[in-house]
Amino acid sequence: MVFEIPQDLHPDVMPLAWLLGRWEGRGHGDYPTIEKFEFGQQIDFTHNGKPYLHYVSQTFVVGEDGTKERPLAVETGFWRPQPDNKIEVILAHPTGFAEIWYGDIDGAKIELQTDVVARTVTAKEVTAGHRLYGLVNGELLWAYDMAAEGQSLQPHLWATLIRS
Ligand code: HEM
């Protein structure tokens with residue numbers, strides 16, 4: 001499929017145009033305090049002509065044949081490109097976190113780190129995150145390192161998705 005940049009895309013969002021659309025794939029998760037796991041993921045990046053992208057990630061327990069069996073984590077937010085290839089991202093999680101991320105856009109690679117992780121009183125103790133997104137041979141690869149529950153910043157998730 002040939003990806004076409006929408007004509008009404010805000011010019012500030014052009015450095016993120018390669019993310020637009022729906023991505024689907026599979027990922028793995030781990031952390032010292034939990035069992036390793038696998039998940040299916042669907043990511044949607046949409047725009048409305050304003051200078052940001054809306055982002056929604058949904059994850060699922062998937063069967064052998066890829067059937068979505070039940071929901072896992074969901075997160076949503078806004079990706080706000082800034083001058084000089086900088087980016088600000090705001091994310092919200094139903095598990096009680098609201099995060100502010102800063103990062104750099106380097107062509108088809110984006111690196112983000114948390115500035116603030118705010119959490120509700122009942123949420124787990126997540127204190128920091130680091131994310132990498134990259135387009136490699138047409139696939140969206142991403143990885144999330146997390147500091148939580150007294151553990152140092154280390155891998156929690158990594159996944160590979162293709163445009164659907
Ligand atoms: C792709 C999205 C994600 C998936 C599929 C996922 C999946 C999981 C699973 C299966 C567990 C172990 C079972 C459990 O305790 O519920 C877990 C634990 C955890 N996840 Fe995630 N997760 C995702 C994203 C995140 C994000 C974005 C954060 C932080 C903002 C996060 C923070 C945690 C924490 C703090 C734990 C518990 C660790 C502990 O109890 O020691 N996860 N995750």
# chains A, B, ... in the order shown; residues from 1 in each chain; ligands from 1
call {"tool": "residues_around", "arguments": {"residues": "Gly27 of chain A", "least_positions_apart": "4", "cutoff": "6 Å", "atoms": "only C-alpha atoms", "output": "ChimeraX atom specification"}}
result
/A:38-39,158-159
call {"tool": "write_last_selection", "arguments": {"atoms": "all heavy atoms", "output": "PDB file, in the first residue's frame"}}
result
ATOM      1  N   GLU A  38       3.137 -12.024  26.133  1.00  0.00           N
ATOM      2  CA  GLU A  38       3.019 -11.569  24.745  1.00  0.00           C
ATOM      3  C   GLU A  38       1.695 -10.843  24.587  1.00  0.00           C
ATOM      4  O   GLU A  38       0.750 -11.110  25.331  1.00  0.00           O
ATOM      5  CB  GLU A  38       3.030 -12.757  23.783  1.00  0.00           C
ATOM      6  CG  GLU A  38       4.386 -13.398  23.670  1.00  0.00           C
ATOM      7  CD  GLU A  38       4.422 -14.488  22.607  1.00  0.00           C
ATOM      8  OE1 GLU A  38       3.528 -14.527  21.737  1.00  0.00           O
ATOM      9  OE2 GLU A  38       5.352 -15.304  22.674  1.00  0.00           O
ATOM     10  N   PHE A  39       1.630  -9.950  23.625  1.00  0.00           N
ATOM     11  CA  PHE A  39       0.370  -9.242  23.399  1.00  0.00           C
ATOM     12  C   PHE A  39       0.212  -8.872  21.926  1.00  0.00           C
ATOM     13  O   PHE A  39       1.188  -8.832  21.177  1.00  0.00           O
ATOM     14  CB  PHE A  39       0.296  -7.982  24.281  1.00  0.00           C
ATOM     15  CG  PHE A  39       1.406  -6.986  24.050  1.00  0.00           C
ATOM     16  CD1 PHE A  39       1.271  -5.966  23.126  1.00  0.00           C
ATOM     17  CD2 PHE A  39       2.590  -7.069  24.773  1.00  0.00           C
ATOM     18  CE1 PHE A  39       2.301  -5.039  22.920  1.00  0.00           C
ATOM     19  CE2 PHE A  39       3.625  -6.153  24.570  1.00  0.00           C
ATOM     20  CZ  PHE A  39       3.478  -5.134  23.648  1.00  0.00           C
ATOM     21  N   TRP A 158       8.229  -4.365  24.111  1.00  0.00           N
ATOM     22  CA  TRP A 158       8.764  -4.083  22.778  1.00  0.00           C
ATOM     23  C   TRP A 158       7.855  -4.763  21.767  1.00  0.00           C
ATOM     24  O   TRP A 158       7.316  -5.836  22.025  1.00  0.00           O
ATOM     25  CB  TRP A 158      10.227  -4.523  22.644  1.00  0.00           C
ATOM     26  CG  TRP A 158      10.482  -5.956  22.981  1.00  0.00           C
ATOM     27  CD1 TRP A 158      10.612  -6.984  22.104  1.00  0.00           C
ATOM     28  CD2 TRP A 158      10.665  -6.528  24.296  1.00  0.00           C
ATOM     29  NE1 TRP A 158      10.848  -8.162  22.778  1.00  0.00           N
ATOM     30  CE2 TRP A 158      10.886  -7.918  24.124  1.00  0.00           C
ATOM     31  CE3 TRP A 158      10.644  -6.007  25.600  1.00  0.00           C
ATOM     32  CZ2 TRP A 158      11.078  -8.786  25.204  1.00  0.00           C
ATOM     33  CZ3 TRP A 158      10.840  -6.878  26.670  1.00  0.00           C
ATOM     34  CH2 TRP A 158      11.064  -8.234  26.461  1.00  0.00           C
ATOM     35  N   ALA A 159       7.642  -4.124  20.624  1.00  0.00           N
ATOM     36  CA  ALA A 159       6.677  -4.651  19.660  1.00  0.00           C
ATOM     37  C   ALA A 159       7.040  -4.234  18.241  1.00  0.00           C
ATOM     38  O   ALA A 159       7.779  -3.270  18.025  1.00  0.00           O
ATOM     39  CB  ALA A 159       5.271  -4.158  20.007  1.00  0.00           C
TER      40      ALA A 159
END
call {"tool": "closest_atom_pairs", "arguments": {"of": "chain A", "to": "ligand 1", "cutoff": "9 Å", "atoms": "only C-alpha atoms and all ligand atoms", "output": "CSV"}}
result
residue,atom,partner,partner_atom_place_in_ligand_line,distance
A:Gly27,CA,ligand 1,1 (C),7.5
A:His28,CA,ligand 1,5 (C),7.8
A:Gly29,CA,ligand 1,7 (C),6.5
A:Asp30,CA,ligand 1,11 (C),7.8
A:Tyr31,CA,ligand 1,38 (C),6.9
A:Pro32,CA,ligand 1,41 (O),7.4
A:Thr33,CA,ligand 1,41 (O),4.4
A:Ile34,CA,ligand 1,12 (C),5.5
A:Glu35,CA,ligand 1,12 (C),6.7
A:Lys36,CA,ligand 1,10 (C),7.8
A:Phe37,CA,ligand 1,10 (C),6.0
A:Glu38,CA,ligand 1,5 (C),7.4
A:Phe39,CA,ligand 1,5 (C),5.6
A:Gly40,CA,ligand 1,5 (C),7.7
A:Gln41,CA,ligand 1,1 (C),6.9
A:Ser57,CA,ligand 1,1 (C),7.5
A:Gln58,CA,ligand 1,1 (C),7.3
A:Thr59,CA,ligand 1,5 (C),5.4
A:Phe60,CA,ligand 1,5 (C),6.8
A:Val61,CA,ligand 1,5 (C),8.0
A:Pro71,CA,ligand 1,5 (C),8.7
A:Leu72,CA,ligand 1,5 (C),5.3
A:Ala73,CA,ligand 1,3 (C),4.7
A:Val74,CA,ligand 1,2 (C),6.5
A:Glu75,CA,ligand 1,27 (C),7.0
A:Leu91,CA,ligand 1,30 (C),8.9
A:Ala92,CA,ligand 1,30 (C),8.4
A:His93,CA,ligand 1,30 (C),6.7
A:Thr95,CA,ligand 1,30 (C),7.6
A:Gly96,CA,ligand 1,30 (C),8.3
A:Phe97,CA,ligand 1,30 (C),6.1
A:Ala98,CA,ligand 1,30 (C),8.1
A:Glu99,CA,ligand 1,30 (C),8.0
A:Val117,CA,ligand 1,30 (C),8.0
A:Ala123,CA,ligand 1,35 (C),8.0
A:Lys124,CA,ligand 1,35 (C),5.1
A:Glu125,CA,ligand 1,35 (C),6.2
A:Val126,CA,ligand 1,35 (C),5.5
A:Thr127,CA,ligand 1,30 (C),8.7
A:Ala128,CA,ligand 1,30 (C),8.4
A:Gly129,CA,ligand 1,30 (C),7.6
A:Tyr144,CA,ligand 1,27 (C),7.7
A:Met146,CA,ligand 1,29 (C),6.9
A:Ala147,CA,ligand 1,35 (C),8.2
A:Ala148,CA,ligand 1,35 (C),5.4
A:Glu149,CA,ligand 1,41 (O),5.5
A:Gly150,CA,ligand 1,41 (O),8.6
A:Gln151,CA,ligand 1,41 (O),8.6
A:His156,CA,ligand 1,21 (Fe),6.8
A:Leu157,CA,ligand 1,1 (C),6.3
A:Trp158,CA,ligand 1,1 (C),8.0
A:Ala159,CA,ligand 1,1 (C),8.2
call {"tool": "closest_residue", "arguments": {"among": "A:Thr67, A:Thr122, A:Gln7, A:Asn85", "to": "Gly107 of chain A", "atoms": "only C-alpha atoms"}}
result
A:Asn85
call {"tool": "closest_residue", "arguments": {"among": "A:Gln82, A:Arg119, A:Asp65, A:Val89", "to": "Arg131 of chain A", "atoms": "only C-alpha atoms"}}
result
A:Val89
call {"tool": "select_by_dssp", "arguments": {"residues": "chain A", "states": "helix (DSSP H, G or I)", "output": "number ranges by chain"}}
result
A: 11-19
call {"tool": "closest_residue", "arguments": {"among": "A:Gly77, A:Pro94, A:Pro11, A:Gly138", "to": "Thr160 of chain A", "atoms": "only C-alpha atoms"}}
result
A:Gly138
call {"tool": "closest_residue", "arguments": {"among": "A:Arg163, A:Leu112, A:Arg70, A:Leu16", "to": "His54 of chain A", "atoms": "only C-alpha atoms"}}
result
A:Leu16
